[in-house]
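Dropping query11.cif in here (mmCIF, C-alpha atoms and all ligand atoms):
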data_data
loop_
_atom_site.label_atom_id
_atom_site.label_comp_id
_atom_site.auth_asym_id
_atom_site.auth_seq_id
_atom_site.Cartn_x
_atom_site.Cartn_y
_atom_site.Cartn_z
CA MET Y 1 -111.40 -8.90 86.51
CA SER Y 2 -109.63 -5.66 85.81
CA SER Y 3 -107.53 -4.93 82.72
CA MET Y 4 -103.92 -3.71 82.98
CA ASN Y 5 -103.35 -0.20 84.31
CA VAL Y 6 -106.20 2.23 83.95
CA PRO Y 7 -104.32 5.34 82.88
CA GLU Y 8 -105.93 8.74 82.53
CA ALA Y 9 -103.69 11.18 80.64
CA ARG Y 10 -104.26 11.28 76.88
CA HIS Y 11 -101.01 10.43 75.14
CA ILE Y 12 -102.23 10.27 71.53
CA GLU Y 13 -105.26 12.17 70.23
CA ILE Y 14 -106.58 11.37 66.77
CA ASP Y 15 -109.45 13.75 66.00
CA HIS Y 16 -111.63 13.49 62.89
CA VAL Y 17 -108.69 12.45 60.74
CA SER Y 18 -109.11 11.75 57.05
CA VAL Y 19 -106.39 10.88 54.54
CA VAL Y 20 -107.01 10.95 50.80
CA PHE Y 21 -104.29 9.81 48.39
CA GLY Y 22 -104.24 10.77 44.69
CA THR Y 23 -106.81 12.65 42.63
CA GLY Y 24 -109.60 11.98 40.15
CA THR Y 25 -110.19 8.33 39.26
CA LYS Y 26 -107.03 7.37 41.19
CA GLN Y 27 -108.28 8.91 44.43
CA VAL Y 28 -108.19 6.59 47.47
CA THR Y 29 -109.71 7.52 50.83
CA ALA Y 30 -107.33 5.65 53.13
CA LEU Y 31 -108.88 7.02 56.35
CA SER Y 32 -112.26 8.67 56.83
CA ASP Y 33 -113.15 10.68 59.95
CA VAL Y 34 -111.12 8.59 62.39
CA THR Y 35 -111.29 9.60 66.05
CA PHE Y 36 -109.82 7.83 69.08
CA HIS Y 37 -107.47 8.52 71.98
CA ILE Y 38 -104.72 6.52 73.63
CA HIS Y 39 -103.82 7.03 77.26
CA SER Y 40 -100.34 7.08 78.76
CA ASN Y 41 -99.03 3.64 79.65
CA GLU Y 42 -101.71 1.93 77.55
CA PHE Y 43 -101.04 -0.86 75.07
CA VAL Y 44 -103.38 -0.29 72.15
CA SER Y 45 -103.53 -2.40 69.00
CA LEU Y 46 -104.83 -1.23 65.65
CA LEU Y 47 -106.46 -4.26 64.08
CA GLY Y 48 -108.05 -4.66 60.69
CA PRO Y 49 -107.89 -6.26 57.26
CA SER Y 50 -105.28 -5.38 54.67
CA GLY Y 51 -105.80 -1.89 53.28
CA CYS Y 52 -107.89 -0.51 56.18
CA GLY Y 53 -105.33 2.22 56.88
CA LYS Y 54 -103.40 0.85 59.89
CA SER Y 55 -99.98 1.82 58.55
CA THR Y 56 -101.33 5.14 57.30
CA LEU Y 57 -102.45 5.94 60.86
CA LEU Y 58 -99.07 5.00 62.26
CA ARG Y 59 -97.31 7.13 59.64
CA LEU Y 60 -99.47 10.13 60.62
CA ILE Y 61 -98.47 9.76 64.26
CA ALA Y 62 -94.80 9.30 63.30
CA ASP Y 63 -94.86 12.52 61.22
CA LEU Y 64 -94.16 10.58 58.02
CA LEU Y 65 -97.45 11.81 56.52
CA GLN Y 66 -99.86 14.74 56.96
CA PRO Y 67 -103.64 14.25 57.31
CA THR Y 68 -105.88 15.67 54.58
CA SER Y 69 -108.12 16.92 57.41
CA GLY Y 70 -108.38 16.53 61.17
CA SER Y 71 -105.63 16.61 63.76
CA VAL Y 72 -103.10 14.33 65.43
CA LYS Y 73 -101.53 15.23 68.79
CA ILE Y 74 -98.88 13.45 70.82
CA ALA Y 75 -98.75 14.60 74.43
CA GLY Y 76 -100.52 17.74 73.23
CA SER Y 77 -97.99 18.51 70.47
CA GLU Y 78 -98.02 18.20 66.69
CA PRO Y 79 -96.27 15.03 65.42
CA GLU Y 80 -93.41 17.12 63.98
CA LYS Y 81 -92.63 18.62 67.37
CA ALA Y 82 -92.95 15.20 69.02
CA ARG Y 83 -90.53 13.75 66.45
CA LEU Y 84 -87.99 16.52 66.98
CA GLN Y 85 -88.27 16.01 70.75
CA ARG Y 86 -87.78 12.25 70.22
CA GLN Y 87 -91.09 11.48 71.86
CA PHE Y 88 -91.45 8.15 70.06
CA GLY Y 89 -89.49 5.18 68.72
CA ILE Y 90 -90.59 3.07 65.75
CA VAL Y 91 -90.26 -0.64 65.04
CA PHE Y 92 -91.15 -1.83 61.54
CA GLN Y 93 -92.02 -5.28 60.17
CA THR Y 94 -88.47 -5.72 58.85
CA PRO Y 95 -85.78 -4.90 61.41
CA ALA Y 96 -83.79 -2.61 59.02
CA LEU Y 97 -80.49 -3.09 60.85
CA PHE Y 98 -77.10 -2.06 59.48
CA ASP Y 99 -75.28 -5.24 58.55
CA TRP Y 100 -71.82 -3.74 58.94
CA ARG Y 101 -72.45 -2.63 62.52
CA THR Y 102 -72.49 -5.01 65.45
CA VAL Y 103 -75.64 -5.56 67.48
CA ARG Y 104 -74.36 -3.13 70.11
CA HIS Y 105 -73.47 -0.50 67.54
CA ASN Y 106 -76.88 -0.79 65.91
CA VAL Y 107 -78.53 -0.12 69.27
CA GLU Y 108 -76.16 2.80 69.93
CA LEU Y 109 -76.67 4.47 66.54
CA PRO Y 110 -79.41 6.97 67.55
CA LEU Y 111 -77.33 7.92 70.61
CA GLU Y 112 -74.17 8.38 68.53
CA ILE Y 113 -76.06 10.65 66.13
CA LEU Y 114 -76.99 12.82 69.11
CA GLY Y 115 -73.34 12.99 70.18
CA THR Y 116 -73.79 10.95 73.36
CA SER Y 117 -70.47 10.01 74.99
CA LYS Y 118 -69.06 6.55 74.30
CA LYS Y 119 -69.33 5.62 77.95
CA GLU Y 120 -72.99 6.60 78.13
CA CYS Y 121 -73.73 4.82 74.80
CA ARG Y 122 -72.20 1.67 76.24
CA ARG Y 123 -74.14 1.95 79.50
CA ILE Y 124 -77.46 2.39 77.71
CA SER Y 125 -76.86 -0.31 75.08
CA SER Y 126 -75.76 -2.79 77.78
CA GLU Y 127 -78.95 -2.13 79.73
CA LEU Y 128 -81.16 -2.48 76.65
CA LEU Y 129 -79.42 -5.59 75.36
CA GLU Y 130 -79.96 -7.18 78.74
CA MET Y 131 -83.63 -6.18 78.62
CA VAL Y 132 -84.09 -7.94 75.26
CA GLY Y 133 -81.93 -10.92 76.25
CA LEU Y 134 -79.08 -10.30 73.80
CA THR Y 135 -76.13 -9.49 76.07
CA ARG Y 136 -74.21 -12.52 74.75
CA PHE Y 137 -74.71 -11.35 71.17
CA ALA Y 138 -73.60 -7.73 71.60
CA ASP Y 139 -70.57 -8.21 69.34
CA HIS Y 140 -72.33 -10.29 66.69
CA TYR Y 141 -73.48 -8.84 63.38
CA PRO Y 142 -77.18 -8.80 62.40
CA TRP Y 143 -76.66 -11.44 59.70
CA GLN Y 144 -75.47 -13.84 62.41
CA LEU Y 145 -78.82 -13.62 64.22
CA SER Y 146 -82.23 -15.24 63.73
CA GLY Y 147 -85.19 -13.11 62.61
CA GLY Y 148 -86.55 -12.95 66.17
CA MET Y 149 -83.19 -11.82 67.53
CA GLN Y 150 -82.90 -9.16 64.84
CA GLN Y 151 -86.34 -7.85 65.80
CA ARG Y 152 -85.20 -7.72 69.45
CA VAL Y 153 -82.27 -5.55 68.33
CA SER Y 154 -84.60 -3.19 66.53
CA ILE Y 155 -86.81 -2.95 69.65
CA ALA Y 156 -83.72 -2.13 71.74
CA ARG Y 157 -82.67 0.50 69.19
CA ALA Y 158 -86.15 2.06 69.24
CA LEU Y 159 -85.85 2.33 73.04
CA SER Y 160 -82.33 3.78 73.01
CA LEU Y 161 -83.45 7.40 73.32
CA ASP Y 162 -85.93 6.38 76.03
CA PRO Y 163 -89.05 7.66 74.22
CA PRO Y 164 -92.30 7.54 76.20
CA LEU Y 165 -94.13 6.07 73.16
CA LEU Y 166 -93.31 3.05 71.01
CA LEU Y 167 -94.96 2.72 67.57
CA MET Y 168 -94.84 -0.81 66.15
CA ASP Y 169 -95.95 -1.75 62.62
CA GLU Y 170 -96.56 -5.52 62.43
CA PRO Y 171 -93.19 -6.19 64.10
CA PHE Y 172 -93.74 -9.93 64.55
CA SER Y 173 -95.69 -10.82 61.42
CA ALA Y 174 -92.67 -12.28 59.58
CA LEU Y 175 -91.73 -14.55 62.51
CA ASP Y 176 -92.71 -18.17 63.21
CA GLU Y 177 -95.45 -18.82 65.79
CA PHE Y 178 -93.08 -19.92 68.60
CA THR Y 179 -90.83 -16.89 68.25
CA LYS Y 180 -93.84 -14.62 67.91
CA GLU Y 181 -95.39 -15.85 71.18
CA LYS Y 182 -92.06 -15.51 72.99
CA LEU Y 183 -91.56 -11.96 71.76
CA GLN Y 184 -95.12 -11.05 72.72
CA LEU Y 185 -94.36 -12.07 76.32
CA GLU Y 186 -91.09 -10.13 76.24
CA LEU Y 187 -92.84 -7.05 74.93
CA LEU Y 188 -95.35 -7.15 77.79
CA GLU Y 189 -92.45 -7.41 80.21
CA ILE Y 190 -90.83 -4.35 78.59
CA LYS Y 191 -94.12 -2.49 78.96
CA ARG Y 192 -94.37 -3.53 82.61
CA SER Y 193 -90.81 -2.52 83.44
CA THR Y 194 -90.71 0.76 81.47
CA GLY Y 195 -94.27 2.11 81.78
CA LYS Y 196 -94.24 3.27 78.16
CA THR Y 197 -97.23 3.68 75.85
CA PHE Y 198 -97.50 1.22 72.95
CA LEU Y 199 -99.35 1.54 69.66
CA PHE Y 200 -99.15 -1.78 67.86
CA VAL Y 201 -100.37 -2.51 64.34
CA THR Y 202 -101.37 -6.09 63.56
CA HIS Y 203 -103.83 -8.14 61.55
CA SER Y 204 -103.67 -11.03 63.99
CA ILE Y 205 -106.67 -11.19 66.33
CA PRO Y 206 -104.95 -13.48 68.91
CA GLU Y 207 -101.90 -11.20 68.95
CA ALA Y 208 -104.03 -8.09 69.51
CA VAL Y 209 -106.04 -9.77 72.28
CA PHE Y 210 -102.99 -11.18 74.07
CA LEU Y 211 -101.06 -7.91 74.09
CA SER Y 212 -103.57 -5.13 74.41
CA ASP Y 213 -105.36 -3.09 77.02
CA ARG Y 214 -107.63 -1.90 74.21
CA ILE Y 215 -108.14 -2.81 70.57
CA VAL Y 216 -109.19 -0.34 67.90
CA VAL Y 217 -110.85 -2.33 65.11
CA LEU Y 218 -110.71 -0.62 61.73
CA SER Y 219 -112.86 -1.42 58.72
CA ALA Y 220 -111.69 -0.93 55.14
CA HIS Y 221 -112.68 1.12 52.09
CA PRO Y 222 -112.64 3.68 53.48
CA GLY Y 223 -110.61 3.07 56.64
CA GLN Y 224 -112.86 3.87 59.59
CA VAL Y 225 -113.06 3.01 63.26
CA HIS Y 226 -115.43 0.05 63.43
CA SER Y 227 -115.33 -0.36 67.22
CA ILE Y 228 -113.08 0.01 70.26
CA HIS Y 229 -112.79 -2.82 72.79
CA SER Y 230 -111.34 -2.97 76.30
CA VAL Y 231 -109.57 -6.29 76.81
CA GLU Y 232 -110.83 -7.45 80.19
CA LEU Y 233 -108.13 -10.04 80.82
CA PRO Y 234 -105.77 -10.28 83.83
CA SER Y 235 -102.75 -7.98 83.71
CA ASP Y 236 -100.43 -10.94 84.28
CA ARG Y 237 -100.52 -12.43 80.78
CA THR Y 238 -98.90 -15.81 80.47
CA ASN Y 239 -99.05 -18.46 77.75
CA GLU Y 240 -101.69 -20.31 79.83
CA LEU Y 241 -104.03 -17.39 79.29
CA ARG Y 242 -104.20 -18.26 75.58
CA GLU Y 243 -106.05 -21.48 76.51
CA THR Y 244 -108.68 -19.91 78.77
CA GLU Y 245 -112.36 -19.41 78.10
CA ASP Y 246 -112.04 -15.65 78.68
CA PHE Y 247 -109.38 -15.45 75.97
CA TYR Y 248 -111.52 -17.42 73.50
CA HIS Y 249 -114.50 -15.27 74.37
CA MET Y 250 -112.53 -12.12 73.54
CA LEU Y 251 -111.29 -13.66 70.27
CA THR Y 252 -114.88 -14.42 69.30
CA THR Y 253 -116.05 -10.91 70.15
CA ILE Y 254 -113.39 -9.39 67.93
CA ARG Y 255 -113.81 -11.95 65.15
CA ASN Y 256 -117.54 -11.20 65.03
CA CYS Y 257 -116.72 -7.56 64.23
CA PHE Y 258 -115.34 -8.70 60.90
CA HIS Y 259 -118.42 -10.81 60.17
CA GLU Y 260 -120.66 -7.85 60.99
CA GLU Y 261 -118.60 -5.73 58.66
CA ARG Y 262 -119.56 -7.97 55.76
CA ASP Y 263 -123.23 -7.55 56.73
CA PRO Y 264 -124.49 -4.56 54.66
CA GLY Y 265 -127.03 -3.70 57.39
CA HIS Y 266 -124.28 -3.13 60.01
CA VAL Y 267 -124.03 0.34 61.54
CA PRO Y 268 -120.48 1.03 62.90
CA ALA Y 269 -120.49 1.75 66.66
CA LEU Y 270 -117.97 2.75 69.29
CA THR Y 271 -118.08 0.48 72.34
N1 LIG Z 301 -98.73 6.54 49.28
C1 LIG Z 301 -99.92 6.06 48.90
N2 LIG Z 301 -100.48 6.41 47.72
C2 LIG Z 301 -101.68 5.95 47.33
N3 LIG Z 301 -102.42 5.09 48.08
C3 LIG Z 301 -101.91 4.70 49.26
C4 LIG Z 301 -100.65 5.14 49.74
N4 LIG Z 301 -100.39 4.59 50.95
C5 LIG Z 301 -101.47 3.81 51.22
N5 LIG Z 301 -102.37 3.88 50.22
C6 LIG Z 301 -103.68 3.21 50.17
O1 LIG Z 301 -104.36 3.53 51.37
C7 LIG Z 301 -105.06 2.41 51.87
C8 LIG Z 301 -104.60 2.07 53.28
O2 LIG Z 301 -103.24 1.59 53.20
P1 LIG Z 301 -102.42 1.09 54.49
O3 LIG Z 301 -101.09 0.63 54.02
O4 LIG Z 301 -102.46 2.14 55.52
O5 LIG Z 301 -103.30 -0.14 54.96
P2 LIG Z 301 -102.95 -1.28 56.03
O6 LIG Z 301 -104.18 -1.49 56.82
O7 LIG Z 301 -101.71 -0.92 56.77
O8 LIG Z 301 -102.67 -2.53 55.08
P3 LIG Z 301 -101.72 -3.83 55.31
O9 LIG Z 301 -102.30 -4.59 56.47
O10 LIG Z 301 -101.84 -4.59 54.03
O11 LIG Z 301 -100.33 -3.33 55.58
C9 LIG Z 301 -104.85 1.28 50.87
O12 LIG Z 301 -105.94 1.26 49.97
C10 LIG Z 301 -103.57 1.69 50.16
O13 LIG Z 301 -103.54 1.19 48.85
#

Starting from the file, lay out its structure as structure tokens.
Amino acid sequence: MSSMNVPEARHIEIDHVSVVFGTGTKQVTALSDVTFHIHSNEFVSLLGPSGCGKSTLLRLIADLLQPTSGSVKIAGSEPEKARLQRQFGIVFQTPALFDWRTVRHNVELPLEILGTSKKECRRISSELLEMVGLTRFADHYPWQLSGGMQQRVSIARALSLDPPLLLMDEPFSALDEFTKEKLQLELLEIKRSTGKTFLFVTHSIPEAVFLSDRIVVLSAHPGQVHSIHSVELPSDRTNELRETEDFYHMLTTIRNCFHEERDPGHVPALT
């Protein structure tokens, strides 16, 4: 069985990256010699226990933080250049919407800032609100929506400038299981219809397995790449897949990584 697309071009290159916070006794090595690449049109999850450096990695890519050593490239450019060229959108755990703006006006905000015409703003926001199933709620305010709907708005807003890359930091972790599973399906549909690259941070093994083409497992203290796994599941991912033997098998493979990590004799390996 083949995985989703098998893309070739390197979209994100993380090469020998280390990040050290603080000095002296307060020094924390958040990431130590991390290397991996993400191809265009791939869905890659960063998975690991709390404190293993998942958000730190995302912040490096988003140009919110500089590495202590090593390099980060997005489509061959430094993160700063990629940010200025609006090469990526970001979705955080909390939707961070503006309560005084309607759903539509939240989605249009990045376009307005760029001086896009009202007509074009409306065309793009209508298209995106349809994509995330919120057309009927365009004139509602964020506080009138459920948590899942608010997160859909923030996904639509992150897509408003049509970036080729979407960075997502535990976007569904505050949602109930039913909403989470629904949004996971919707996200895969967005990936299918847009062909974008996704980097998704999570500490949920089932979420990472269900969504990803590949999973980068990180270990903590210091944050390092433990292993990288191709998810050999059918590209057409439906809720039924969650009940299959192949899915369980993949869950077990990933879960065992964390058991190995507790074994002091374990030598980290790239697969
Ligand atoms: N600004 C900072 N100053 C000092 N230490 C930091 C800073 N940001 C992160 N750290 C430390 O770096 C390590 C990695 O943090 P990070 O938030 O990236 O982990 P994470 O895997 O995203 O965790 P979680 O799943 O809990 O969100 C942790 O030990 C954290 O305490």

Counting only C-alpha atoms, which residues of range 27-103 of chain Y fall within 6 Å of range 222-240 of chain Y, and what is the closest atom pair for each with its distance in Å at one decimal, ordered by chain and rising number, as a Markdown table?
| residue | atom | partner | partner_atom | distance |
| --- | --- | --- | --- | --- |
| Y:Thr29 | CA | Y:Pro222 | CA | 5.5 |
| Y:Ala30 | CA | Y:Gly223 | CA | 5.5 |
| Y:Leu31 | CA | Y:Gly223 | CA | 4.3 |
| Y:Ser32 | CA | Y:Gln224 | CA | 5.6 |
| Y:Val34 | CA | Y:Gln224 | CA | 5.8 |
| Y:Cys52 | CA | Y:Gly223 | CA | 4.5 |
| Y:Gly53 | CA | Y:Gly223 | CA | 5.4 |

Enumerate, in order of chain and increasing residue number, the residues of chain Y with an atom no farther than 7 Å from ligand LIG 301 (chain Z), each with its shortest atom pair and distance in Å to one decimal, counting all atoms listed in the file, as a tab-separated table.
residue	atom	partner	partner_atom	distance
Y:Phe21	CA	Z:LIG301	C2	4.8
Y:Gly22	CA	Z:LIG301	C2	6.1
Y:Val28	CA	Z:LIG301	N3	6.0
Y:Thr29	CA	Z:LIG301	O1	6.7
Y:Ala30	CA	Z:LIG301	O1	4.1
Y:Gly48	CA	Z:LIG301	O6	6.3
Y:Pro49	CA	Z:LIG301	O9	5.9
Y:Ser50	CA	Z:LIG301	O9	3.6
Y:Gly51	CA	Z:LIG301	O5	3.5
Y:Cys52	CA	Z:LIG301	O6	3.9
Y:Gly53	CA	Z:LIG301	O4	3.2
Y:Lys54	CA	Z:LIG301	O6	3.9
Y:Ser55	CA	Z:LIG301	O7	3.7
Y:Thr56	CA	Z:LIG301	O4	3.7
Y:Leu57	CA	Z:LIG301	O4	6.6
Y:His203	CA	Z:LIG301	O9	6.4
Y:Gly223	CA	Z:LIG301	C8	7.0

Hey, can you spit out that residue selection with C-alpha atoms as a compact mmCIF listing (two decimals), in the coordinates of the input?
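See result-v8.txt below for the written result:
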# COMPACT_ATOMS: atom_id res chain seq x y z
CA PHE Y 21 -104.29 9.81 48.39
CA GLY Y 22 -104.24 10.77 44.69
CA VAL Y 28 -108.19 6.59 47.47
CA THR Y 29 -109.71 7.52 50.83
CA ALA Y 30 -107.33 5.65 53.13
CA GLY Y 48 -108.05 -4.66 60.69
CA PRO Y 49 -107.89 -6.26 57.26
CA SER Y 50 -105.28 -5.38 54.67
CA GLY Y 51 -105.80 -1.89 53.28
CA CYS Y 52 -107.89 -0.51 56.18
CA GLY Y 53 -105.33 2.22 56.88
CA LYS Y 54 -103.40 0.85 59.89
CA SER Y 55 -99.98 1.82 58.55
CA THR Y 56 -101.33 5.14 57.30
CA LEU Y 57 -102.45 5.94 60.86
CA HIS Y 203 -103.83 -8.14 61.55
CA GLY Y 223 -110.61 3.07 56.64

If we count only C-alpha atoms, what is near Trp100 in chain Y at a cut-off of 12 Å, once residues fewer than 6 positions away on the same chain are taken out, given as a list in words?
Asn106, Asp139, His140, Tyr141, Pro142, Trp143 and Gln144 of chain Y

Could you tell me which of Y:Glu260, Y:Asp63, Y:Glu243, Y:Glu186 comes closest to Ser219 in chain Y if we count only C-alpha atoms?
Y:Glu260

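Near Ser173 in chain Y, within a cut-off of 8 Å and counting only C-alpha atoms, sit the residues Gln93, Glu170, Lys180 and Thr202 of chain Y, with same-chain residues fewer than 3 positions away left out.
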
Between CA of Arg214 in chain Y and CA of Phe247 in chain Y - distance in Å to one decimal:
13.8 Å

Suppose you want the space between CA of Asp213 in chain Y and CA of Arg157 in chain Y; what is it in Å?
24.3 Å

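Restricting the calculation to all atoms listed in the file, the smallest distance between Ser126 in chain Y and any of Y:Ser71, Y:Gln85, Y:Ser160, Y:Ser154 is found for Y:Ser160.
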
Near range 209-212 of chain Y, counting all atoms listed in the file, which residues have an atom at most 10 Å away, once you skip same-chain residues fewer than 2 positions from it, shown as a PyMOL selection string?
chain Y and resi 3-4+42-47+181+184-185+187-188+198-200+204-207+214-216+229-233+235+237-239+241-242+247-248+250-251+254

So which one's closest to Ser146 in chain Y, Y:Asp15, Y:Gly89, Y:Ser69, Y:Asp176? Using all atoms listed in the file, please.
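Going through Y:Asp15, Y:Gly89, Y:Ser69, Y:Asp176 one by one, the smallest distance to Ser146 in chain Y is for Y:Asp176.
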
Can you tell me, as a list in words, which residues sit within 10 Å of (-108.7, 16.5, 61.1) in the file's frame, using only C-alpha atoms?
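These residues have at least one counted atom within 10 Å: Ile14, Asp15, His16, Val17, Ser18, Val19, Ser32, Asp33, Val34, Thr35, Gln66, Pro67, Thr68, Ser69, Gly70, Ser71 and Val72 of chain Y.
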
Can you sort out the box for range 16-26 of chain Y, edges along x, y and z, all listed atoms in, 6 Å on every side, with centre and edge lengths in Å to one decimal, as AutoDock Vina command-line options?
--center_x -107.9 --center_y 10.4 --center_z 51.1 --size_x 19.4 --size_y 18.1 --size_z 35.6

Would you work out the distance separating CA of Thr197 in chain Y from CA of His11 in chain Y, expressed in Å to one decimal?
7.8 Å

Give me the residues within 8 Å of Gly148 in chain Y as a list in words, counting only C-alpha atoms and dropping any in the same chain fewer than 6 places off.
Phe172, Leu175, Thr179, Lys180 and Leu183 of chain Y

Y:Leu161, Y:Ala156, Y:Pro79, Y:Phe178 ranked by distance to Glu112 in chain Y, top pick (using all atoms listed in the file):
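Comparing Y:Leu161, Y:Ala156, Y:Pro79, Y:Phe178 against Glu112 in chain Y, the winner is Y:Leu161.
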
In file coordinates, which residues lie within 6 Å of (-74.5, 1.6, 72.5) using all atoms listed in the file, given as a CSV table (one decimal) with C-alpha atoms, keeping the file's coordinate frame?
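Wrote it out as out.csv, contents follow:
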chain,number,residue,atom,x,y,z
Y,104,ARG,CA,-74.4,-3.1,70.1
Y,105,HIS,CA,-73.5,-0.5,67.5
Y,107,VAL,CA,-78.5,-0.1,69.3
Y,108,GLU,CA,-76.2,2.8,69.9
Y,121,CYS,CA,-73.7,4.8,74.8
Y,122,ARG,CA,-72.2,1.7,76.2
Y,125,SER,CA,-76.9,-0.3,75.1

Residue neighbourhood range 194-196 of chain Y, 8 Å, only C-alpha atoms, exclusion window fewer than 2 positions, as a ChimeraX atom specification:
/Y:40-42,163-166,190-192,198

May I ask which of the residues Y:Gly24, Y:Met131, Y:Phe36, Y:Met168 is the closest one to Phe88 in chain Y, counting all atoms listed in the file?
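Among the listed residues, Y:Met168 lies closest to Phe88 in chain Y.
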
Write range 107-121 of chain Y as a short mmCIF file (atom, residue, chain, number, x, y, z; two decimals), in the frame of the given file, completed to N, CA and C atoms.
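Produced file part_17.cif, reproduced below:
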data_model
loop_
_atom_site.label_atom_id
_atom_site.label_comp_id
_atom_site.auth_asym_id
_atom_site.auth_seq_id
_atom_site.Cartn_x
_atom_site.Cartn_y
_atom_site.Cartn_z
N VAL Y 107 -77.71 -0.68 68.18
CA VAL Y 107 -78.53 -0.12 69.27
C VAL Y 107 -78.04 1.30 69.62
N GLU Y 108 -76.74 1.51 69.52
CA GLU Y 108 -76.16 2.80 69.93
C GLU Y 108 -76.31 3.89 68.86
N LEU Y 109 -76.68 3.50 67.63
CA LEU Y 109 -76.67 4.47 66.54
C LEU Y 109 -77.43 5.77 66.83
N PRO Y 110 -78.70 5.71 67.29
CA PRO Y 110 -79.41 6.97 67.55
C PRO Y 110 -78.70 7.83 68.60
N LEU Y 111 -78.05 7.18 69.56
CA LEU Y 111 -77.33 7.92 70.61
C LEU Y 111 -76.08 8.58 70.03
N GLU Y 112 -75.38 7.83 69.17
CA GLU Y 112 -74.17 8.38 68.53
C GLU Y 112 -74.52 9.61 67.72
N ILE Y 113 -75.65 9.52 66.98
CA ILE Y 113 -76.06 10.65 66.13
C ILE Y 113 -76.29 11.90 66.99
N LEU Y 114 -76.75 11.68 68.21
CA LEU Y 114 -76.99 12.82 69.11
C LEU Y 114 -75.72 13.30 69.81
N GLY Y 115 -74.61 12.59 69.57
CA GLY Y 115 -73.34 12.99 70.18
C GLY Y 115 -73.18 12.53 71.61
N THR Y 116 -73.90 11.48 71.99
CA THR Y 116 -73.79 10.95 73.36
C THR Y 116 -72.38 10.36 73.56
N SER Y 117 -71.83 10.51 74.74
CA SER Y 117 -70.47 10.01 74.99
C SER Y 117 -70.41 8.49 74.85
N LYS Y 118 -69.22 8.00 74.51
CA LYS Y 118 -69.06 6.55 74.30
C LYS Y 118 -69.44 5.76 75.54
N LYS Y 119 -69.06 6.31 76.69
CA LYS Y 119 -69.33 5.62 77.95
C LYS Y 119 -70.84 5.50 78.20
N GLU Y 120 -71.54 6.59 77.92
CA GLU Y 120 -72.99 6.60 78.13
C GLU Y 120 -73.68 5.68 77.10
N CYS Y 121 -73.18 5.71 75.85
CA CYS Y 121 -73.73 4.82 74.80
C CYS Y 121 -73.62 3.37 75.28
#
